[in-house]
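Colleague: Take this structure first; my questions come after.
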Amino acid sequence: MILVPSVTSCHECDIDLKVQSRMAKVTVYTDDGIKQGHSYHKKCPSCDKLYYYTYSRKDNERTFYSNSSSFPYFLISSVTAFSRQMVESCCAQIEVSAVSFDSLADQYYARTDHTVDKQRIEEMYFIWKLIGTYSLYDEHLVMSNDEVSYRKDIETSCKHALDTMINLSTLAEKHSCDTPGCKEGFIMADGVEKVSKYPKYVDY
């Protein structure tokens with residue numbers, strides 16, 4: 001498979017982008033196992049910003065496109081991608097069945113006889129969810145690498161997302177219905193916790 005960005009002009013300079021002849025070999029994780037692909041990127045001749053299949057990059061910052069969740073493949077780095085089907089499957093298992101990243105990695109090996117690092121799954125999951133969150137407010141996810149490990153700084157991005165959501169207005173602020181908890185207007189950040197209409201009280 002060949003991954004080429006669909007962006008045609010620079011988001012900052014509005015200048016036509018140039019496709020670079022140099023390509024990168026990409027490991028693509030799918031439900032059927034690992035496949036090999038090729039990724040091409042484009043470059044702005046004015047500001048030197050690089051544009052990849054699902055994100056753009058300049059210096060130490062990646063900006064993921066708000067519509068990248070609609071693409072058939074989800075490129076999280078220049079050499080790593082996931083099929084959208086696998087991404088959605090992993091998200092469902094994490095959010096519905098409380099499956100851990102370790103377990104997902106073990107399942108992948110058991111099903112396909114291929115290994116995937118749990119950290120790659122973790123990065124994929126949080127980036128995917130953050131893109132979905134920002135797109136609700138017509139914003140783009142901007143992510144930097146950690147200065148020490150040079151890996152994507154997921155923790156800082158998640159904290160920034162919470163601050164952003166708190167400060168952004170939304171039509172839902174004025175919404176009120178009979179659903180338990182709706183009128184109180186709170187955000188639950190614990191993915192394992194389940195809201196119950198009849199909470200249990202424990203005496204200590």
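Letters for chains follow the order of the structure tokens (A, B, ...), residue numbers begin at 1 for each chain, and ligand numbers begin at 1 in the order shown.
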Could you tell me, as a PyMOL selection string, which residues of range 112-170 of chain A DSSP assigns to strand (DSSP E) when given the backbone?

Modeller: chain A and resi 141-144

Colleague: List as an NGL selection string the protein and nucleic acid residues near range 29-32 of chain A, meaning an atom at most 12 Å away when only C-alpha atoms are counted, but skip any in the same chain fewer than 2 places from it.

Modeller: :A and (26-27 or 34-37 or 72-76 or 79-90 or 104-105 or 107-117 or 120-121 or 124)

Colleague: Between A:Cys177, A:Leu136, A:Ile127, A:Ala24, which is the closest to Thr164 in chain A once you count only C-alpha atoms?

Modeller: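 Of all the options, A:Leu136 lies closest to Thr164 in chain A.
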
Colleague: Please identify all polymer residues within 8 Å of Ala161 in chain A, counting only C-alpha atoms, omitting same-chain residues fewer than 3 positions from it, and present them as an NGL selection string.

Modeller: :A and (130 or 133-134 or 157-158 or 164-165)

Colleague: My list of candidates is A:Tyr51, A:Met23, A:Ser100, A:Val28. Which is closest to Ser9 in chain A when distances are computed with only C-alpha atoms?

Modeller: A:Tyr51

Colleague: Write out as a VMD selection string each polymer residue whose atoms come within 10 Å of Ser46 in chain A, counting only C-alpha atoms; drop sequence neighbours fewer than 4 positions from it.

Modeller: chain A and resid 10 12 to 17

Colleague: Would you work out the distance separating CA of Leu3 in chain A from CA of Ser56 in chain A, expressed in Å to one decimal?

Modeller: 13.7 Å

Colleague: Which of range 11-178 of chain A end up as helix (DSSP H, G or I) when DSSP is run on this backbone - answer as an mmCIF file with N, CA and C atoms, in the first residue's frame?

Modeller:
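Below you can see states.cif, which holds the result:
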```cif
data_model
loop_
_atom_site.group_PDB
_atom_site.id
_atom_site.type_symbol
_atom_site.label_atom_id
_atom_site.label_comp_id
_atom_site.auth_asym_id
_atom_site.auth_seq_id
_atom_site.Cartn_x
_atom_site.Cartn_y
_atom_site.Cartn_z
ATOM 1 N N SER A 68 -8.579 12.812 9.929
ATOM 2 C CA SER A 68 -7.736 11.636 9.709
ATOM 3 C C SER A 68 -8.389 10.346 10.191
ATOM 4 N N SER A 69 -9.390 10.451 11.074
ATOM 5 C CA SER A 69 -10.073 9.246 11.547
ATOM 6 C C SER A 69 -10.961 8.636 10.466
ATOM 7 N N SER A 70 -11.162 9.348 9.373
ATOM 8 C CA SER A 70 -11.985 8.820 8.281
ATOM 9 C C SER A 70 -11.143 8.104 7.222
ATOM 10 N N ARG A 84 -7.766 1.252 9.965
ATOM 11 C CA ARG A 84 -8.856 1.850 10.744
ATOM 12 C C ARG A 84 -9.696 0.773 11.429
ATOM 13 N N GLN A 85 -9.853 -0.369 10.772
ATOM 14 C CA GLN A 85 -10.615 -1.474 11.356
ATOM 15 C C GLN A 85 -9.968 -1.956 12.648
ATOM 16 N N MET A 86 -8.633 -2.039 12.659
ATOM 17 C CA MET A 86 -7.950 -2.474 13.875
ATOM 18 C C MET A 86 -8.048 -1.419 14.966
ATOM 19 N N VAL A 87 -7.941 -0.165 14.593
ATOM 20 C CA VAL A 87 -8.059 0.927 15.573
ATOM 21 C C VAL A 87 -9.421 0.878 16.256
ATOM 22 N N GLU A 88 -10.481 0.769 15.459
ATOM 23 C CA GLU A 88 -11.831 0.755 16.020
ATOM 24 C C GLU A 88 -12.057 -0.479 16.886
ATOM 25 N N SER A 89 -11.471 -1.610 16.488
ATOM 26 C CA SER A 89 -11.587 -2.836 17.281
ATOM 27 C C SER A 89 -10.889 -2.685 18.626
ATOM 28 N N CYS A 90 -9.698 -2.120 18.627
ATOM 29 C CA CYS A 90 -8.955 -1.906 19.873
ATOM 30 C C CYS A 90 -9.702 -0.943 20.792
ATOM 31 N N CYS A 91 -10.223 0.132 20.229
ATOM 32 C CA CYS A 91 -10.963 1.115 21.037
ATOM 33 C C CYS A 91 -12.178 0.468 21.698
ATOM 34 N N ALA A 92 -12.888 -0.370 20.960
ATOM 35 C CA ALA A 92 -14.071 -1.032 21.504
ATOM 36 C C ALA A 92 -13.688 -1.965 22.642
ATOM 37 N N GLN A 93 -12.602 -2.699 22.490
ATOM 38 C CA GLN A 93 -12.189 -3.623 23.547
ATOM 39 C C GLN A 93 -11.735 -2.876 24.796
ATOM 40 N N ILE A 94 -11.043 -1.764 24.611
ATOM 41 C CA ILE A 94 -10.571 -0.974 25.747
ATOM 42 C C ILE A 94 -11.741 -0.335 26.492
ATOM 43 N N GLU A 95 -12.679 0.236 25.752
ATOM 44 C CA GLU A 95 -13.743 1.028 26.369
ATOM 45 C C GLU A 95 -14.937 0.197 26.832
ATOM 46 N N VAL A 96 -15.191 -0.923 26.164
ATOM 47 C CA VAL A 96 -16.355 -1.741 26.517
ATOM 48 C C VAL A 96 -15.965 -2.905 27.432
ATOM 49 N N PHE A 101 -3.702 -2.607 27.402
ATOM 50 C CA PHE A 101 -2.818 -2.550 26.244
ATOM 51 C C PHE A 101 -1.956 -3.808 26.167
ATOM 52 N N ASP A 102 -1.541 -4.322 27.319
ATOM 53 C CA ASP A 102 -0.758 -5.564 27.344
ATOM 54 C C ASP A 102 -1.558 -6.721 26.740
ATOM 55 N N SER A 103 -2.829 -6.812 27.155
ATOM 56 C CA SER A 103 -3.676 -7.903 26.666
ATOM 57 C C SER A 103 -3.917 -7.792 25.172
ATOM 58 N N LEU A 104 -4.078 -6.571 24.675
ATOM 59 C CA LEU A 104 -4.283 -6.381 23.237
ATOM 60 C C LEU A 104 -3.052 -6.834 22.451
ATOM 61 N N ALA A 105 -1.871 -6.536 22.990
ATOM 62 C CA ALA A 105 -0.637 -6.970 22.339
ATOM 63 C C ALA A 105 -0.541 -8.499 22.339
ATOM 64 N N ASP A 106 -0.917 -9.117 23.461
ATOM 65 C CA ASP A 106 -0.897 -10.587 23.546
ATOM 66 C C ASP A 106 -1.911 -11.203 22.587
ATOM 67 N N GLN A 107 -3.103 -10.604 22.514
ATOM 68 C CA GLN A 107 -4.135 -11.093 21.602
ATOM 69 C C GLN A 107 -3.655 -11.029 20.149
ATOM 70 N N TYR A 108 -2.980 -9.948 19.823
ATOM 71 C CA TYR A 108 -2.522 -9.759 18.444
ATOM 72 C C TYR A 108 -1.538 -10.859 18.050
ATOM 73 N N TYR A 109 -0.640 -11.189 18.968
ATOM 74 C CA TYR A 109 0.328 -12.255 18.688
ATOM 75 C C TYR A 109 -0.383 -13.604 18.558
ATOM 76 N N ALA A 110 -1.370 -13.840 19.430
ATOM 77 C CA ALA A 110 -2.092 -15.114 19.399
ATOM 78 C C ALA A 110 -2.894 -15.272 18.107
ATOM 79 N N ARG A 111 -3.434 -14.177 17.590
ATOM 80 C CA ARG A 111 -4.278 -14.249 16.398
ATOM 81 C C ARG A 111 -3.487 -14.252 15.098
ATOM 82 N N THR A 112 -2.385 -13.479 15.065
ATOM 83 C CA THR A 112 -1.692 -13.270 13.788
ATOM 84 C C THR A 112 -0.275 -13.829 13.746
ATOM 85 N N LYS A 118 3.160 -2.857 23.024
ATOM 86 C CA LYS A 118 1.985 -2.280 23.695
ATOM 87 C C LYS A 118 2.012 -0.758 23.670
ATOM 88 N N GLN A 119 3.221 -0.179 23.640
ATOM 89 C CA GLN A 119 3.319 1.275 23.617
ATOM 90 C C GLN A 119 2.806 1.845 22.302
ATOM 91 N N ARG A 120 2.993 1.089 21.218
ATOM 92 C CA ARG A 120 2.451 1.534 19.922
ATOM 93 C C ARG A 120 0.930 1.566 19.980
ATOM 94 N N ILE A 121 0.320 0.537 20.629
ATOM 95 C CA ILE A 121 -1.141 0.501 20.759
ATOM 96 C C ILE A 121 -1.609 1.652 21.641
ATOM 97 N N GLU A 122 -0.879 1.913 22.719
ATOM 98 C CA GLU A 122 -1.239 3.004 23.629
ATOM 99 C C GLU A 122 -1.201 4.347 22.905
ATOM 100 N N GLU A 123 -0.138 4.589 22.148
ATOM 101 C CA GLU A 123 -0.036 5.835 21.393
ATOM 102 C C GLU A 123 -1.175 5.953 20.390
ATOM 103 N N MET A 124 -1.417 4.873 19.664
ATOM 104 C CA MET A 124 -2.495 4.872 18.672
ATOM 105 C C MET A 124 -3.828 5.222 19.321
ATOM 106 N N TYR A 125 -4.134 4.587 20.459
ATOM 107 C CA TYR A 125 -5.431 4.786 21.113
ATOM 108 C C TYR A 125 -5.615 6.238 21.555
ATOM 109 N N PHE A 126 -4.639 6.766 22.282
ATOM 110 C CA PHE A 126 -4.802 8.118 22.821
ATOM 111 C C PHE A 126 -4.793 9.180 21.731
ATOM 112 N N ILE A 127 -3.956 9.008 20.714
ATOM 113 C CA ILE A 127 -3.956 9.978 19.619
ATOM 114 C C ILE A 127 -5.296 9.961 18.894
ATOM 115 N N TRP A 128 -5.823 8.759 18.644
ATOM 116 C CA TRP A 128 -7.120 8.612 17.970
ATOM 117 C C TRP A 128 -8.233 9.297 18.766
ATOM 118 N N LYS A 129 -8.258 9.069 20.076
ATOM 119 C CA LYS A 129 -9.304 9.658 20.916
ATOM 120 C C LYS A 129 -9.137 11.173 21.036
ATOM 121 N N LEU A 130 -7.899 11.644 21.099
ATOM 122 C CA LEU A 130 -7.652 13.083 21.196
ATOM 123 C C LEU A 130 -8.065 13.794 19.908
ATOM 124 N N ILE A 131 -7.799 13.178 18.769
ATOM 125 C CA ILE A 131 -8.226 13.755 17.495
ATOM 126 C C ILE A 131 -9.747 13.898 17.471
ATOM 127 N N GLY A 132 -10.437 12.847 17.926
ATOM 128 C CA GLY A 132 -11.898 12.897 17.979
ATOM 129 C C GLY A 132 -12.410 13.984 18.900
ATOM 130 N N THR A 133 -11.732 14.178 20.035
ATOM 131 C CA THR A 133 -12.132 15.216 20.990
ATOM 132 C C THR A 133 -11.959 16.603 20.396
ATOM 133 N N TYR A 134 -10.793 16.865 19.817
ATOM 134 C CA TYR A 134 -10.522 18.196 19.259
ATOM 135 C C TYR A 134 -11.410 18.500 18.056
ATOM 136 N N SER A 135 -11.716 17.483 17.260
ATOM 137 C CA SER A 135 -12.539 17.719 16.071
ATOM 138 C C SER A 135 -13.942 18.193 16.440
ATOM 139 N N ILE A 154 2.306 11.817 25.269
ATOM 140 C CA ILE A 154 0.871 11.550 25.388
ATOM 141 C C ILE A 154 0.290 12.200 26.632
ATOM 142 N N GLU A 155 1.003 12.104 27.760
ATOM 143 C CA GLU A 155 0.480 12.614 29.024
ATOM 144 C C GLU A 155 0.227 14.114 28.964
ATOM 145 N N THR A 156 1.195 14.866 28.443
ATOM 146 C CA THR A 156 1.025 16.319 28.330
ATOM 147 C C THR A 156 -0.129 16.652 27.388
ATOM 148 N N SER A 157 -0.260 15.903 26.308
ATOM 149 C CA SER A 157 -1.341 16.151 25.343
ATOM 150 C C SER A 157 -2.709 15.912 25.977
ATOM 151 N N CYS A 158 -2.819 14.878 26.807
ATOM 152 C CA CYS A 158 -4.096 14.588 27.474
ATOM 153 C C CYS A 158 -4.442 15.688 28.485
ATOM 154 N N LYS A 159 -3.444 16.154 29.232
ATOM 155 C CA LYS A 159 -3.683 17.237 30.195
ATOM 156 C C LYS A 159 -4.098 18.513 29.476
ATOM 157 N N HIS A 160 -3.443 18.780 28.352
ATOM 158 C CA HIS A 160 -3.786 19.974 27.573
ATOM 159 C C HIS A 160 -5.202 19.871 27.010
ATOM 160 N N ALA A 161 -5.601 18.655 26.631
ATOM 161 C CA ALA A 161 -6.951 18.453 26.095
ATOM 162 C C ALA A 161 -8.010 18.768 27.150
ATOM 163 N N LEU A 162 -7.756 18.352 28.396
ATOM 164 C CA LEU A 162 -8.696 18.649 29.473
ATOM 165 C C LEU A 162 -8.824 20.152 29.689
ATOM 166 N N ASP A 163 -7.678 20.860 29.703
ATOM 167 C CA ASP A 163 -7.709 22.320 29.864
ATOM 168 C C ASP A 163 -8.446 22.979 28.711
ATOM 169 N N THR A 164 -8.240 22.456 27.508
ATOM 170 C CA THR A 164 -8.892 23.025 26.327
ATOM 171 C C THR A 164 -10.401 22.832 26.385
ATOM 172 N N MET A 165 -10.834 21.637 26.776
ATOM 173 C CA MET A 165 -12.276 21.351 26.841
ATOM 174 C C MET A 165 -12.970 22.223 27.880
ATOM 175 N N ILE A 166 -12.279 22.463 28.986
ATOM 176 C CA ILE A 166 -12.866 23.277 30.048
ATOM 177 C C ILE A 166 -13.080 24.708 29.589
ATOM 178 N N ASN A 167 -12.154 25.232 28.776
ATOM 179 C CA ASN A 167 -12.203 26.633 28.360
ATOM 180 C C ASN A 167 -12.988 26.880 27.082
ATOM 181 N N LEU A 171 -22.446 24.090 22.683
ATOM 182 C CA LEU A 171 -23.900 24.168 22.776
ATOM 183 C C LEU A 171 -24.432 23.253 23.875
ATOM 184 N N ALA A 172 -23.664 22.231 24.218
ATOM 185 C CA ALA A 172 -24.115 21.284 25.229
ATOM 186 C C ALA A 172 -24.165 21.895 26.624
ATOM 187 N N GLU A 173 -23.545 23.071 26.813
ATOM 188 C CA GLU A 173 -23.535 23.703 28.128
ATOM 189 C C GLU A 173 -24.945 24.071 28.582
ATOM 190 N N LYS A 174 -25.803 24.403 27.629
ATOM 191 C CA LYS A 174 -27.161 24.821 27.973
ATOM 192 C C LYS A 174 -28.145 23.662 27.947
#
```

Colleague: Go through A:Arg62, A:Asn67, A:Gln20, A:Lys42 one by one, measure the shortest atom-to-atom distance of each to Asp138 in chain A using only C-alpha atoms, and give the residue with the smallest value.

Modeller: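 Closest residue, counting only C-alpha atoms: A:Asn67.
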